[in-house]
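Heads up, the thing below is written out as structure tokens.
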Amino acid sequence: MNTRTRARLADPDDLAAAADTLAAAFEHYPWTRYVIPQEHYHERLRALQQLYLEYAHAHGIVAVASHCDGVIALLPPDAPEPAPEMINEVMRLHGDRISRLQQSDPPAGAWRVETLGVRPERQGQRLASTLLVFALTEAVRRGCEQVVLDTSEPRNVRLYERHGFQTTTHTDTGHGPPVWTMTATFENSTTRKASL
């Protein structure tokens, strides 16, 4: 790992650049292509990333690495319901594909990795691993004992397995991209830090 690459908690001023990074990272991602209309796809994707990051920054963890070239966001189980204005905007941006937007229900008390993305030109440089280690350590420091996530990319499954996640369900209905739901459990912060 490049020892000069460090992850840190995002500042409010980082969120615009972080949303740009996520929009670039998910430009061709099967799930976002499935749930966001093709008309003005990039603008919708960018706006949704900004909304989600602002919410996660207010209620959970947003971390960035290498000048915001990589971004991760996690939410705790006690995050409040989004404001009606945010829900309405999310529905508007997803348009007639809003019914495709589904997430697995996390176990009680579990945190959720909402997003993890790295700019295409920086992928393969371990930024995702750096962000995962940082964010999971921070979540455990805040009392997290279990983390769940969904991914539609087989390469991501291997990444998450290297960081202690196991697939709990794999759904492939044929109507959209396959979805792997994965879970990692941590006994306590001391155990997690030792395993990192």
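Ordering of the structure tokens sets the chain letters (A, B, ...); residue numbers start at 1 within each chain; ligands are numbered from 1 in the order shown.
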How close does each residue of stretch 23-86 of chain A get to stretch 93-111 of chain A, giving the shortest atom pair and distance in Å to one decimal for every residue with an atom at most 7 Å away, counting only C-alpha atoms, sorted by chain and residue number, as a tab-separated table?
```
residue	atom	partner	partner_atom	distance
A:Val35	CA	A:Arg97	CA	5.4
A:Ile36	CA	A:His94	CA	5.1
A:Pro37	CA	A:His94	CA	6.5
A:Arg44	CA	A:Leu93	CA	5.6
A:Leu74	CA	A:Trp111	CA	6.8
A:Leu75	CA	A:Trp111	CA	5.7
A:Pro76	CA	A:Trp111	CA	4.5
A:Pro77	CA	A:Gly109	CA	5.4
```
Atoms to include: N, CA and C atoms. Write the selected residues as a short mmCIF file (atom, residue, chain, number, x, y, z; two decimals), in the first residue's frame.
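The file below, part.cif, is the result:
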```
data_model
loop_
_atom_site.label_atom_id
_atom_site.label_comp_id
_atom_site.auth_asym_id
_atom_site.auth_seq_id
_atom_site.Cartn_x
_atom_site.Cartn_y
_atom_site.Cartn_z
N VAL A 35 -31.31 1.54 -11.91
CA VAL A 35 -32.28 2.28 -11.10
C VAL A 35 -32.38 3.76 -11.45
N ILE A 36 -31.53 4.25 -12.37
CA ILE A 36 -31.58 5.66 -12.77
C ILE A 36 -31.92 5.73 -14.25
N PRO A 37 -32.89 6.54 -14.63
CA PRO A 37 -33.24 6.65 -16.05
C PRO A 37 -32.05 7.11 -16.91
N ARG A 44 -28.38 13.09 -13.06
CA ARG A 44 -29.17 12.47 -12.00
C ARG A 44 -28.26 11.74 -11.00
N LEU A 74 -20.88 5.38 5.49
CA LEU A 74 -21.58 4.40 6.31
C LEU A 74 -22.64 5.11 7.14
N LEU A 75 -23.73 4.40 7.39
CA LEU A 75 -24.79 4.93 8.25
C LEU A 75 -25.01 4.00 9.44
N PRO A 76 -25.23 4.57 10.62
CA PRO A 76 -25.53 3.76 11.81
C PRO A 76 -26.99 3.33 11.79
N PRO A 77 -27.33 2.36 12.64
CA PRO A 77 -28.72 1.88 12.65
C PRO A 77 -29.71 2.91 13.17
#
```
(request) Name the residues of stretch 45-154 of chain A that fall into alpha helix (DSSP H) according to DSSP on the backbone, using the chain letters and numbers of this document, as a count of residues only. (result) 42
(message) Give me, as number ranges by chain, all polymer residues having an atom no more than 10 Å from A:Leu136, counting only C-alpha atoms and skipping those fewer than 2 positions away in the same chain.
(response) A: 61, 74, 111, 113, 131-134, 138-142, 144-147, 163, 184, 186, 189, 192-193, 196
(request) Find, counting only C-alpha atoms, the residue in A:Thr130, A:Thr21, A:Ala58, A:Leu48 that gets nearest to A:Ile87. (result) A:Leu48
(message) I'd like the contact shell of A:Val179 - 7 Å cut-off, only C-alpha atoms, skipping same-chain residues fewer than 4 positions apart - returned as a PyMOL selection string.
(response) chain A and resi 150-152+170-172
Excluding same-chain residues fewer than 3 positions from A:Val157, what lies within 10 Å of it counting only C-alpha atoms, as a PDB file with C-alpha atoms, in the first residue's frame?
```
ATOM      1  CA  ASP A 150     -25.083  -4.709  -1.017  1.00  0.00           C
ATOM      2  CA  THR A 151     -23.040  -4.927  -4.199  1.00  0.00           C
ATOM      3  CA  SER A 152     -23.786  -5.813  -7.816  1.00  0.00           C
ATOM      4  CA  GLU A 153     -20.185  -6.280  -8.924  1.00  0.00           C
ATOM      5  CA  PRO A 154     -18.393  -9.652  -8.511  1.00  0.00           C
ATOM      6  CA  TYR A 160     -15.119  -7.138   0.755  1.00  0.00           C
ATOM      7  CA  GLU A 161     -14.246 -10.763   1.548  1.00  0.00           C
ATOM      8  CA  ARG A 162     -10.649  -9.689   2.088  1.00  0.00           C
ATOM      9  CA  PHE A 165     -17.345  -9.744   4.930  1.00  0.00           C
ATOM     10  CA  GLN A 166     -19.255 -12.872   4.022  1.00  0.00           C
ATOM     11  CA  THR A 167     -22.092 -13.234   1.535  1.00  0.00           C
ATOM     12  CA  TRP A 180     -24.786  -9.829  -3.146  1.00  0.00           C
ATOM     13  CA  THR A 181     -25.705  -8.908   0.434  1.00  0.00           C
ATOM     14  CA  MET A 182     -22.660  -9.204   2.684  1.00  0.00           C
TER      15      MET A 182
END
```
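With only C-alpha atoms as the atoms that count, the minimum distance from A:Glu54 to the choices A:Ala10, A:Tyr29, A:Arg158, A:Pro120 is reached by A:Ala10.
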(message) Residues near A:Ala25, anyone? I mean within 8 Å using only C-alpha atoms, not counting same-chain ones fewer than 2 positions away, as a list in words.
(response) Thr21, Leu22, Ala23, Glu27, His28, Tyr29, Gly117, Val118, Arg119 and Pro120 of chain A
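If only C-alpha atoms are the atoms counted, then among A:His59, A:Arg92, A:Arg46, A:Arg122 the closest residue to A:Ala73 is A:His59.
The space between atom CA of A:Gln50 and atom CA of A:Ala19 spans 5.1 Å.
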(request) From stretch 70-191 of chain A, collect each residue whose DSSP state is strand (DSSP E or B) and return the set as a ChimeraX atom specification. (result) /A:70-75,111-118,146-151,166-171,179-185
What would the file look like if the residues just selected were written as an mmCIF file, in the first residue's frame with N, CA and C atoms?
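To be explicit, this is the file written out as again02.cif:
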```cif
data_model
loop_
_atom_site.group_PDB
_atom_site.id
_atom_site.type_symbol
_atom_site.label_atom_id
_atom_site.label_comp_id
_atom_site.auth_asym_id
_atom_site.auth_seq_id
_atom_site.Cartn_x
_atom_site.Cartn_y
_atom_site.Cartn_z
ATOM 1 N N GLY A 70 -11.150 8.840 -3.656
ATOM 2 C CA GLY A 70 -11.896 7.701 -3.146
ATOM 3 C C GLY A 70 -12.803 8.161 -2.024
ATOM 4 N N VAL A 71 -13.984 7.547 -1.922
ATOM 5 C CA VAL A 71 -15.002 7.983 -0.959
ATOM 6 C C VAL A 71 -15.718 6.766 -0.403
ATOM 7 N N ILE A 72 -16.015 6.800 0.891
ATOM 8 C CA ILE A 72 -16.848 5.779 1.512
ATOM 9 C C ILE A 72 -17.834 6.465 2.447
ATOM 10 N N ALA A 73 -19.038 5.902 2.553
ATOM 11 C CA ALA A 73 -20.050 6.419 3.477
ATOM 12 C C ALA A 73 -20.725 5.257 4.179
ATOM 13 N N LEU A 74 -20.876 5.381 5.489
ATOM 14 C CA LEU A 74 -21.583 4.398 6.313
ATOM 15 C C LEU A 74 -22.639 5.108 7.136
ATOM 16 N N LEU A 75 -23.732 4.398 7.387
ATOM 17 C CA LEU A 75 -24.787 4.929 8.251
ATOM 18 C C LEU A 75 -25.006 3.999 9.437
ATOM 19 N N TRP A 111 -24.736 -1.450 11.196
ATOM 20 C CA TRP A 111 -24.389 -0.330 10.337
ATOM 21 C C TRP A 111 -24.474 -0.792 8.884
ATOM 22 N N ARG A 112 -24.494 0.184 7.959
ATOM 23 C CA ARG A 112 -24.546 -0.156 6.530
ATOM 24 C C ARG A 112 -23.509 0.672 5.759
ATOM 25 N N VAL A 113 -22.759 -0.021 4.905
ATOM 26 C CA VAL A 113 -21.927 0.684 3.938
ATOM 27 C C VAL A 113 -22.855 1.152 2.828
ATOM 28 N N GLU A 114 -23.070 2.461 2.752
ATOM 29 C CA GLU A 114 -23.979 3.009 1.755
ATOM 30 C C GLU A 114 -23.317 3.135 0.395
ATOM 31 N N THR A 115 -22.039 3.464 0.396
ATOM 32 C CA THR A 115 -21.329 3.600 -0.875
ATOM 33 C C THR A 115 -19.836 3.517 -0.639
ATOM 34 N N LEU A 116 -19.134 3.051 -1.659
ATOM 35 C CA LEU A 116 -17.676 3.053 -1.692
ATOM 36 C C LEU A 116 -17.287 3.157 -3.151
ATOM 37 N N GLY A 117 -16.590 4.229 -3.506
ATOM 38 C CA GLY A 117 -16.216 4.430 -4.902
ATOM 39 C C GLY A 117 -14.869 5.102 -5.042
ATOM 40 N N VAL A 118 -14.179 4.753 -6.121
ATOM 41 C CA VAL A 118 -12.867 5.310 -6.440
ATOM 42 C C VAL A 118 -12.890 5.741 -7.897
ATOM 43 N N GLN A 146 -21.637 -4.816 13.848
ATOM 44 C CA GLN A 146 -21.960 -5.526 12.607
ATOM 45 C C GLN A 146 -22.163 -4.506 11.494
ATOM 46 N N VAL A 147 -21.693 -4.853 10.292
ATOM 47 C CA VAL A 147 -21.829 -3.988 9.120
ATOM 48 C C VAL A 147 -22.371 -4.825 7.969
ATOM 49 N N VAL A 148 -23.326 -4.258 7.231
ATOM 50 C CA VAL A 148 -23.878 -4.926 6.057
ATOM 51 C C VAL A 148 -23.687 -4.035 4.839
ATOM 52 N N LEU A 149 -23.758 -4.656 3.665
ATOM 53 C CA LEU A 149 -23.677 -3.906 2.413
ATOM 54 C C LEU A 149 -24.294 -4.737 1.305
ATOM 55 N N ASP A 150 -24.630 -4.059 0.211
ATOM 56 C CA ASP A 150 -25.083 -4.709 -1.017
ATOM 57 C C ASP A 150 -24.143 -4.302 -2.140
ATOM 58 N N THR A 151 -23.835 -5.249 -3.024
ATOM 59 C CA THR A 151 -23.040 -4.927 -4.199
ATOM 60 C C THR A 151 -23.547 -5.717 -5.395
ATOM 61 N N GLN A 166 -18.807 -11.622 4.599
ATOM 62 C CA GLN A 166 -19.255 -12.872 4.022
ATOM 63 C C GLN A 166 -20.597 -12.657 3.354
ATOM 64 N N THR A 167 -20.818 -13.336 2.236
ATOM 65 C CA THR A 167 -22.092 -13.234 1.535
ATOM 66 C C THR A 167 -23.176 -13.938 2.337
ATOM 67 N N THR A 168 -24.252 -13.214 2.607
ATOM 68 C CA THR A 168 -25.385 -13.810 3.318
ATOM 69 C C THR A 168 -26.507 -14.185 2.360
ATOM 70 N N THR A 169 -26.688 -13.397 1.289
ATOM 71 C CA THR A 169 -27.646 -13.753 0.235
ATOM 72 C C THR A 169 -27.096 -13.314 -1.110
ATOM 73 N N HIS A 170 -27.490 -14.042 -2.147
ATOM 74 C CA HIS A 170 -27.147 -13.680 -3.524
ATOM 75 C C HIS A 170 -28.427 -13.781 -4.330
ATOM 76 N N THR A 171 -28.899 -12.647 -4.824
ATOM 77 C CA THR A 171 -30.167 -12.584 -5.547
ATOM 78 C C THR A 171 -29.913 -12.300 -7.019
ATOM 79 N N VAL A 179 -27.434 -9.167 -7.014
ATOM 80 C CA VAL A 179 -27.091 -8.430 -5.803
ATOM 81 C C VAL A 179 -26.547 -9.403 -4.761
ATOM 82 N N TRP A 180 -25.359 -9.099 -4.266
ATOM 83 C CA TRP A 180 -24.786 -9.829 -3.146
ATOM 84 C C TRP A 180 -24.977 -8.981 -1.887
ATOM 85 N N THR A 181 -25.624 -9.544 -0.875
ATOM 86 C CA THR A 181 -25.705 -8.908 0.434
ATOM 87 C C THR A 181 -24.637 -9.548 1.311
ATOM 88 N N MET A 182 -23.809 -8.711 1.930
ATOM 89 C CA MET A 182 -22.660 -9.204 2.684
ATOM 90 C C MET A 182 -22.671 -8.606 4.092
ATOM 91 N N THR A 183 -22.121 -9.354 5.031
ATOM 92 C CA THR A 183 -22.118 -8.954 6.432
ATOM 93 C C THR A 183 -20.760 -9.221 7.052
ATOM 94 N N ALA A 184 -20.329 -8.318 7.914
ATOM 95 C CA ALA A 184 -19.132 -8.525 8.732
ATOM 96 C C ALA A 184 -19.503 -8.246 10.175
ATOM 97 N N THR A 185 -18.999 -9.066 11.084
ATOM 98 C CA THR A 185 -19.297 -8.931 12.503
ATOM 99 C C THR A 185 -18.004 -8.714 13.268
#
```
For A:Asp14, find every residue with an atom within 10 Å (counting only C-alpha atoms), except residues of its own chain fewer than 6 positions away, and show them as an mmCIF file with N, CA and C atoms, in the first residue's frame.
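Contents of around-v2.cif, freshly written:
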```
data_model
loop_
_atom_site.group_PDB
_atom_site.id
_atom_site.type_symbol
_atom_site.label_atom_id
_atom_site.label_comp_id
_atom_site.auth_asym_id
_atom_site.auth_seq_id
_atom_site.Cartn_x
_atom_site.Cartn_y
_atom_site.Cartn_z
ATOM 1 N N LEU A 53 -24.517 11.804 0.192
ATOM 2 C CA LEU A 53 -23.331 12.179 0.971
ATOM 3 C C LEU A 53 -23.669 13.213 2.042
ATOM 4 N N VAL A 62 -18.570 9.746 6.620
ATOM 5 C CA VAL A 62 -18.086 9.911 5.253
ATOM 6 C C VAL A 62 -16.586 10.116 5.353
ATOM 7 N N ALA A 63 -15.838 9.310 4.627
ATOM 8 C CA ALA A 63 -14.387 9.425 4.613
ATOM 9 C C ALA A 63 -13.897 9.524 3.181
ATOM 10 N N VAL A 64 -12.773 10.210 3.015
ATOM 11 C CA VAL A 64 -12.180 10.397 1.697
ATOM 12 C C VAL A 64 -10.701 10.055 1.765
ATOM 13 N N HIS A 67 -7.117 13.282 -1.967
ATOM 14 C CA HIS A 67 -7.777 14.437 -2.590
ATOM 15 C C HIS A 67 -9.171 14.091 -3.093
ATOM 16 N N CYS A 68 -9.877 13.266 -2.337
ATOM 17 C CA CYS A 68 -11.250 12.863 -2.656
ATOM 18 C C CYS A 68 -11.334 11.959 -3.894
ATOM 19 N N VAL A 71 -13.984 7.547 -1.922
ATOM 20 C CA VAL A 71 -15.002 7.983 -0.959
ATOM 21 C C VAL A 71 -15.718 6.766 -0.403
#
```
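Put simply, atom CA of A:Glu81 is 27.7 Å away from atom CA of A:Glu187.
For the pair atom CA of A:Ser129 and atom CA of A:Glu43, the interatomic distance is 27.9 Å.
Each of A:Ala7, A:Ala24, A:Met86, A:Leu127 was compared to A:Leu51 using only C-alpha atoms, and A:Met86 turns out to be the nearest.
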